[in-house]
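A.B. asks: For reference, the file entry.cif (mmCIF, N, CA and C atoms) is included below:
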```cif
data_upload
loop_
_atom_site.label_atom_id
_atom_site.label_comp_id
_atom_site.auth_asym_id
_atom_site.auth_seq_id
_atom_site.Cartn_x
_atom_site.Cartn_y
_atom_site.Cartn_z
N GLN A 17 64.82 -54.60 79.74
CA GLN A 17 64.02 -53.39 79.61
C GLN A 17 64.68 -52.46 78.59
N VAL A 18 63.92 -52.09 77.58
CA VAL A 18 64.44 -51.22 76.54
C VAL A 18 64.50 -49.78 77.04
N GLN A 19 65.63 -49.15 76.79
CA GLN A 19 65.78 -47.75 77.16
C GLN A 19 66.53 -46.99 76.10
N LEU A 20 66.11 -45.76 75.85
CA LEU A 20 66.86 -44.79 75.07
C LEU A 20 66.94 -43.55 75.94
N VAL A 21 68.16 -43.15 76.24
CA VAL A 21 68.34 -42.03 77.15
C VAL A 21 69.12 -40.93 76.45
N GLU A 22 68.45 -39.81 76.23
CA GLU A 22 69.10 -38.66 75.60
C GLU A 22 69.76 -37.76 76.63
N SER A 23 70.78 -37.07 76.19
CA SER A 23 71.44 -36.08 77.04
C SER A 23 72.11 -35.05 76.14
N GLY A 24 72.56 -33.96 76.76
CA GLY A 24 73.30 -32.95 76.03
C GLY A 24 72.52 -31.70 75.69
N GLY A 25 71.23 -31.69 75.99
CA GLY A 25 70.44 -30.49 75.72
C GLY A 25 70.80 -29.37 76.67
N GLY A 26 70.26 -28.19 76.40
CA GLY A 26 70.52 -27.06 77.27
C GLY A 26 70.18 -25.75 76.61
N LEU A 27 70.65 -24.68 77.22
CA LEU A 27 70.43 -23.33 76.72
C LEU A 27 71.68 -22.84 76.00
N VAL A 28 71.50 -22.33 74.79
CA VAL A 28 72.64 -21.87 74.00
C VAL A 28 72.23 -20.62 73.24
N GLN A 29 73.19 -19.77 72.97
CA GLN A 29 72.91 -18.55 72.20
C GLN A 29 72.87 -18.86 70.71
N PRO A 30 72.18 -18.04 69.96
CA PRO A 30 72.18 -18.23 68.50
C PRO A 30 73.61 -18.26 67.97
N GLY A 31 73.85 -19.17 67.04
CA GLY A 31 75.19 -19.37 66.50
C GLY A 31 76.02 -20.36 67.26
N GLY A 32 75.55 -20.79 68.41
CA GLY A 32 76.29 -21.74 69.23
C GLY A 32 76.10 -23.17 68.78
N SER A 33 76.70 -24.07 69.57
CA SER A 33 76.69 -25.50 69.24
C SER A 33 76.29 -26.32 70.46
N LEU A 34 75.70 -27.46 70.17
CA LEU A 34 75.42 -28.48 71.19
C LEU A 34 75.61 -29.84 70.55
N ARG A 35 75.94 -30.81 71.39
CA ARG A 35 76.03 -32.19 70.92
C ARG A 35 75.11 -33.04 71.77
N LEU A 36 74.10 -33.62 71.12
CA LEU A 36 73.18 -34.51 71.81
C LEU A 36 73.68 -35.94 71.70
N SER A 37 73.42 -36.71 72.74
CA SER A 37 73.75 -38.14 72.75
C SER A 37 72.50 -38.92 73.12
N CYS A 38 72.43 -40.13 72.61
CA CYS A 38 71.32 -41.03 72.95
C CYS A 38 71.89 -42.43 73.09
N VAL A 39 71.80 -42.97 74.29
CA VAL A 39 72.34 -44.29 74.56
C VAL A 39 71.20 -45.29 74.63
N GLY A 40 71.35 -46.38 73.88
CA GLY A 40 70.34 -47.42 73.87
C GLY A 40 70.76 -48.63 74.68
N SER A 41 69.78 -49.29 75.28
CA SER A 41 70.03 -50.53 76.02
C SER A 41 68.79 -51.39 75.98
N GLY A 42 68.98 -52.68 76.19
CA GLY A 42 67.84 -53.60 76.21
C GLY A 42 67.40 -54.09 74.85
N PHE A 43 68.13 -53.72 73.80
CA PHE A 43 67.86 -54.21 72.45
C PHE A 43 69.18 -54.20 71.68
N THR A 44 69.17 -54.86 70.52
CA THR A 44 70.40 -54.98 69.73
C THR A 44 70.57 -53.72 68.89
N PHE A 45 71.25 -52.77 69.46
CA PHE A 45 71.36 -51.42 68.89
C PHE A 45 71.82 -51.42 67.43
N ARG A 46 72.79 -52.28 67.11
CA ARG A 46 73.41 -52.23 65.78
C ARG A 46 72.47 -52.66 64.67
N TYR A 47 71.32 -53.24 65.02
CA TYR A 47 70.35 -53.68 64.02
C TYR A 47 69.22 -52.67 63.82
N TYR A 48 69.37 -51.51 64.42
CA TYR A 48 68.30 -50.52 64.39
C TYR A 48 68.75 -49.25 63.67
N VAL A 49 67.89 -48.79 62.76
CA VAL A 49 68.07 -47.45 62.20
C VAL A 49 67.81 -46.46 63.32
N MET A 50 68.64 -45.44 63.39
CA MET A 50 68.50 -44.44 64.45
C MET A 50 68.13 -43.09 63.85
N LYS A 51 67.21 -42.42 64.51
CA LYS A 51 66.73 -41.13 64.02
C LYS A 51 66.63 -40.14 65.18
N TRP A 52 66.74 -38.88 64.83
CA TRP A 52 66.46 -37.78 65.76
C TRP A 52 65.24 -37.03 65.25
N TYR A 53 64.32 -36.77 66.14
CA TYR A 53 63.15 -35.95 65.88
C TYR A 53 63.18 -34.75 66.83
N ARG A 54 62.35 -33.78 66.53
CA ARG A 54 62.17 -32.67 67.46
C ARG A 54 60.73 -32.19 67.42
N GLN A 55 60.33 -31.60 68.54
CA GLN A 55 58.98 -31.06 68.63
C GLN A 55 59.04 -29.72 69.35
N ALA A 56 58.67 -28.68 68.62
CA ALA A 56 58.61 -27.34 69.19
C ALA A 56 57.21 -27.11 69.77
N PRO A 57 57.08 -26.19 70.70
CA PRO A 57 55.76 -25.91 71.29
C PRO A 57 54.72 -25.57 70.22
N GLY A 58 53.58 -26.25 70.30
CA GLY A 58 52.50 -25.98 69.37
C GLY A 58 52.68 -26.56 67.98
N LYS A 59 53.75 -27.32 67.78
CA LYS A 59 54.02 -27.89 66.46
C LYS A 59 54.07 -29.41 66.54
N GLU A 60 53.95 -30.03 65.38
CA GLU A 60 54.05 -31.48 65.31
C GLU A 60 55.51 -31.92 65.39
N ARG A 61 55.68 -33.14 65.84
CA ARG A 61 57.03 -33.71 65.88
C ARG A 61 57.53 -33.89 64.44
N GLU A 62 58.78 -33.52 64.20
CA GLU A 62 59.33 -33.62 62.85
C GLU A 62 60.66 -34.36 62.87
N LEU A 63 60.92 -35.05 61.77
CA LEU A 63 62.18 -35.76 61.61
C LEU A 63 63.30 -34.77 61.34
N VAL A 64 64.38 -34.90 62.08
CA VAL A 64 65.54 -34.03 61.91
C VAL A 64 66.65 -34.71 61.12
N ALA A 65 66.95 -35.96 61.50
CA ALA A 65 68.05 -36.67 60.84
C ALA A 65 67.91 -38.16 61.11
N GLY A 66 68.48 -38.96 60.20
CA GLY A 66 68.48 -40.40 60.37
C GLY A 66 69.78 -41.00 59.89
N VAL A 67 70.12 -42.16 60.41
CA VAL A 67 71.35 -42.84 60.01
C VAL A 67 71.08 -44.34 59.93
N THR A 68 71.64 -44.98 58.90
CA THR A 68 71.45 -46.42 58.71
C THR A 68 72.22 -47.20 59.74
N ILE A 69 72.00 -48.53 59.74
CA ILE A 69 72.53 -49.36 60.82
C ILE A 69 74.06 -49.35 60.87
N ASP A 70 74.70 -49.20 59.70
CA ASP A 70 76.16 -49.20 59.69
C ASP A 70 76.74 -47.79 59.63
N GLY A 71 75.86 -46.79 59.69
CA GLY A 71 76.32 -45.41 59.64
C GLY A 71 76.68 -44.92 58.26
N GLY A 72 76.45 -45.76 57.25
CA GLY A 72 76.90 -45.42 55.91
C GLY A 72 76.05 -44.39 55.18
N ARG A 73 74.80 -44.31 55.53
CA ARG A 73 73.93 -43.34 54.89
C ARG A 73 73.22 -42.49 55.93
N LYS A 74 73.12 -41.22 55.61
CA LYS A 74 72.49 -40.28 56.53
C LYS A 74 71.54 -39.38 55.75
N ASN A 75 70.49 -38.95 56.40
CA ASN A 75 69.59 -38.01 55.77
C ASN A 75 69.21 -36.93 56.78
N TYR A 76 68.88 -35.76 56.23
CA TYR A 76 68.61 -34.60 57.07
C TYR A 76 67.40 -33.83 56.57
N ALA A 77 66.71 -33.21 57.49
CA ALA A 77 65.69 -32.24 57.11
C ALA A 77 66.37 -31.06 56.43
N GLU A 78 65.67 -30.47 55.48
CA GLU A 78 66.25 -29.34 54.75
C GLU A 78 66.66 -28.21 55.69
N SER A 79 65.90 -28.05 56.75
CA SER A 79 66.13 -26.92 57.66
C SER A 79 67.43 -27.04 58.46
N VAL A 80 68.01 -28.26 58.49
CA VAL A 80 69.23 -28.44 59.30
C VAL A 80 70.43 -28.87 58.47
N LYS A 81 70.22 -29.08 57.18
CA LYS A 81 71.34 -29.51 56.33
C LYS A 81 72.48 -28.51 56.38
N GLY A 82 73.69 -29.04 56.51
CA GLY A 82 74.86 -28.19 56.57
C GLY A 82 75.17 -27.67 57.96
N ARG A 83 74.24 -27.86 58.89
CA ARG A 83 74.46 -27.38 60.27
C ARG A 83 74.51 -28.53 61.27
N PHE A 84 73.72 -29.56 61.04
CA PHE A 84 73.63 -30.71 61.96
C PHE A 84 74.30 -31.92 61.34
N THR A 85 74.89 -32.75 62.18
CA THR A 85 75.51 -33.99 61.75
C THR A 85 75.10 -35.12 62.67
N ILE A 86 74.55 -36.18 62.09
CA ILE A 86 74.19 -37.36 62.86
C ILE A 86 75.30 -38.40 62.70
N SER A 87 75.59 -39.11 63.77
CA SER A 87 76.57 -40.19 63.72
C SER A 87 76.19 -41.23 64.76
N ARG A 88 76.82 -42.39 64.67
CA ARG A 88 76.51 -43.45 65.62
C ARG A 88 77.77 -44.23 65.95
N ASP A 89 77.77 -44.83 67.12
CA ASP A 89 78.85 -45.69 67.58
C ASP A 89 78.20 -46.98 68.05
N ASN A 90 78.30 -48.03 67.25
CA ASN A 90 77.64 -49.29 67.58
C ASN A 90 78.35 -50.07 68.68
N VAL A 91 79.53 -49.66 69.04
CA VAL A 91 80.21 -50.28 70.19
C VAL A 91 79.66 -49.69 71.48
N ARG A 92 79.45 -48.39 71.47
CA ARG A 92 78.91 -47.70 72.65
C ARG A 92 77.38 -47.60 72.65
N ASN A 93 76.74 -48.18 71.62
CA ASN A 93 75.27 -48.14 71.53
C ASN A 93 74.75 -46.72 71.64
N THR A 94 75.40 -45.82 70.93
CA THR A 94 75.08 -44.41 71.06
C THR A 94 74.92 -43.76 69.69
N VAL A 95 73.94 -42.89 69.59
CA VAL A 95 73.77 -42.06 68.41
C VAL A 95 73.93 -40.60 68.87
N TYR A 96 74.56 -39.81 68.01
CA TYR A 96 74.85 -38.43 68.33
C TYR A 96 74.19 -37.49 67.34
N LEU A 97 73.97 -36.28 67.79
CA LEU A 97 73.53 -35.22 66.89
C LEU A 97 74.36 -33.98 67.22
N GLN A 98 75.31 -33.68 66.34
CA GLN A 98 76.10 -32.47 66.50
C GLN A 98 75.36 -31.32 65.84
N MET A 99 75.07 -30.30 66.62
CA MET A 99 74.27 -29.17 66.12
C MET A 99 75.13 -27.91 66.18
N ASN A 100 75.40 -27.35 65.02
CA ASN A 100 76.18 -26.12 64.92
C ASN A 100 75.32 -25.00 64.35
N SER A 101 75.81 -23.78 64.50
CA SER A 101 75.11 -22.60 63.97
C SER A 101 73.64 -22.61 64.35
N LEU A 102 73.39 -22.83 65.61
CA LEU A 102 72.01 -22.97 66.07
C LEU A 102 71.23 -21.68 65.90
N LYS A 103 69.95 -21.85 65.57
CA LYS A 103 69.05 -20.73 65.35
C LYS A 103 67.91 -20.76 66.37
N LEU A 104 67.25 -19.64 66.51
CA LEU A 104 66.12 -19.58 67.44
C LEU A 104 65.10 -20.67 67.14
N GLU A 105 64.89 -20.91 65.84
CA GLU A 105 63.86 -21.88 65.44
C GLU A 105 64.27 -23.33 65.67
N ASP A 106 65.48 -23.56 66.15
CA ASP A 106 65.89 -24.92 66.51
C ASP A 106 65.43 -25.28 67.92
N THR A 107 64.86 -24.32 68.63
CA THR A 107 64.35 -24.59 69.98
C THR A 107 63.26 -25.65 69.93
N ALA A 108 63.44 -26.71 70.70
CA ALA A 108 62.49 -27.82 70.69
C ALA A 108 62.95 -28.86 71.70
N VAL A 109 62.07 -29.83 71.93
CA VAL A 109 62.49 -31.04 72.62
C VAL A 109 62.96 -32.02 71.55
N TYR A 110 64.14 -32.56 71.74
CA TYR A 110 64.74 -33.47 70.78
C TYR A 110 64.63 -34.91 71.30
N TYR A 111 64.16 -35.79 70.42
CA TYR A 111 63.95 -37.19 70.77
C TYR A 111 64.77 -38.08 69.84
N CYS A 112 65.30 -39.15 70.37
CA CYS A 112 65.87 -40.15 69.50
C CYS A 112 64.89 -41.32 69.38
N LYS A 113 64.99 -41.99 68.26
CA LYS A 113 64.10 -43.11 67.96
C LYS A 113 64.90 -44.22 67.32
N ALA A 114 64.62 -45.44 67.74
CA ALA A 114 65.23 -46.62 67.15
C ALA A 114 64.17 -47.38 66.37
N GLU A 115 64.46 -47.72 65.12
CA GLU A 115 63.51 -48.44 64.27
C GLU A 115 64.15 -49.75 63.83
N GLY A 116 63.48 -50.87 64.12
CA GLY A 116 64.01 -52.17 63.75
C GLY A 116 63.93 -52.39 62.26
N MET A 117 64.99 -52.99 61.68
CA MET A 117 65.00 -53.29 60.25
C MET A 117 64.05 -54.44 59.96
N GLY A 118 63.09 -54.25 59.07
CA GLY A 118 62.18 -55.31 58.67
C GLY A 118 61.22 -55.75 59.76
N THR A 119 61.09 -54.94 60.79
CA THR A 119 60.16 -55.26 61.87
C THR A 119 59.32 -54.02 62.19
N ASP A 120 58.33 -54.21 63.02
CA ASP A 120 57.52 -53.08 63.46
C ASP A 120 58.01 -52.48 64.76
N SER A 121 59.12 -53.01 65.27
CA SER A 121 59.57 -52.53 66.58
C SER A 121 60.19 -51.15 66.46
N ALA A 122 59.84 -50.31 67.40
CA ALA A 122 60.37 -48.95 67.44
C ALA A 122 60.35 -48.48 68.88
N TYR A 123 61.38 -47.72 69.23
CA TYR A 123 61.50 -47.24 70.59
C TYR A 123 61.83 -45.74 70.56
N TRP A 124 61.31 -45.04 71.57
CA TRP A 124 61.55 -43.60 71.70
C TRP A 124 62.27 -43.31 73.02
N GLY A 125 63.08 -42.29 72.98
CA GLY A 125 63.65 -41.75 74.21
C GLY A 125 62.68 -40.77 74.85
N GLN A 126 63.09 -40.26 76.00
CA GLN A 126 62.20 -39.38 76.76
C GLN A 126 62.31 -37.92 76.33
N GLY A 127 63.37 -37.61 75.56
CA GLY A 127 63.53 -36.26 75.05
C GLY A 127 64.48 -35.42 75.88
N THR A 128 65.12 -34.47 75.21
CA THR A 128 65.99 -33.51 75.88
C THR A 128 65.71 -32.13 75.30
N GLN A 129 65.61 -31.15 76.17
CA GLN A 129 65.23 -29.81 75.75
C GLN A 129 66.44 -29.05 75.21
N VAL A 130 66.25 -28.44 74.05
CA VAL A 130 67.24 -27.54 73.47
C VAL A 130 66.57 -26.17 73.34
N THR A 131 67.17 -25.18 73.95
CA THR A 131 66.65 -23.83 73.88
C THR A 131 67.71 -22.90 73.32
N VAL A 132 67.38 -22.25 72.22
CA VAL A 132 68.29 -21.29 71.60
C VAL A 132 67.72 -19.90 71.86
N SER A 133 68.46 -19.13 72.61
CA SER A 133 67.96 -17.81 73.00
C SER A 133 69.12 -16.88 73.29
N SER A 134 68.92 -15.61 72.99
CA SER A 134 69.92 -14.61 73.31
C SER A 134 69.62 -13.97 74.66
#
```
What do you get writing this file as structure tokens?
C.D. replies:
Amino acid sequence: QVQLVESGGGLVQPGGSLRLSCVGSGFTFRYYVMKWYRQAPGKERELVAGVTIDGGRKNYAESVKGRFTISRDNVRNTVYLQMNSLKLEDTAVYYCKAEGMGTDSAYWGQGTQVTVSS
């Protein structure tokens, strides 16, 4: 059974930090591109960051560049999103997604809520 389980969300003040984790199981994690998306209330889901299968290349949405860092550990089957200097507009449900290389397979996690509020 394929699972992606996110954790690490919560309530944080503006300027604070959080580290999200997403653990994959039931598929060969190291062969999947990993991405983080987010969806704020009333808005469409948007791509936040992505990392290649070996962790060698990363990409970020303009809105989070310089503040967020994506990384992965293929031994622990985990992808991380380190979020620093959080802003009110970062409030959203954050989802991780696994995309198979050269295949149509893709898996989503259930999401974790991040709320930035003073």
A.B. asks: Which one of A:Leu34, A:Ala114, A:Leu20, A:Leu104 sits closest to Ser134 of chain A if you count only C-alpha atoms?
C.D. replies: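 Residue with the minimum atom-to-atom distance to Ser134 of chain A: A:Leu104.
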A.B. asks: Evaluate the PyMOL selection byres (((chain A and resi 81 and name CA) around 12) and name CA) on the structure here and hand back the selected residues as a VMD selection string.
C.D. replies: chain A and resid 64 to 66 74 to 80 82 to 86 98 to 102
A.B. asks: So the first atom is atom C of Lys59 of chain A and the second is atom CA of Tyr111 of chain A; what is the distance between them in Å, to one decimal place?
C.D. replies: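 Those two atoms sit 13.3 Å apart.
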A.B. asks: May I have the residues within 7 Å of Gly116 of chain A as a list in words, using only C-alpha atoms and disregarding those fewer than 6 positions away in the same chain?
C.D. replies: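 Skipping anything fewer than 6 positions along the chain leaves Tyr47, Tyr48, Val49 and Ala122 of chain A.
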A.B. asks: Atom CA of Gln55 of chain A and atom CA of Gly71 of chain A are how many Å apart?
C.D. replies: 24.2 Å
A.B. asks: Looking at A:Trp52, A:Gly26, A:Ser37, A:Thr128, which one is nearest to Tyr96 of chain A, with distances taken over only N, CA and C atoms?
C.D. replies: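 Among the listed residues, the smallest separation from Tyr96 of chain A belongs to A:Ser37.
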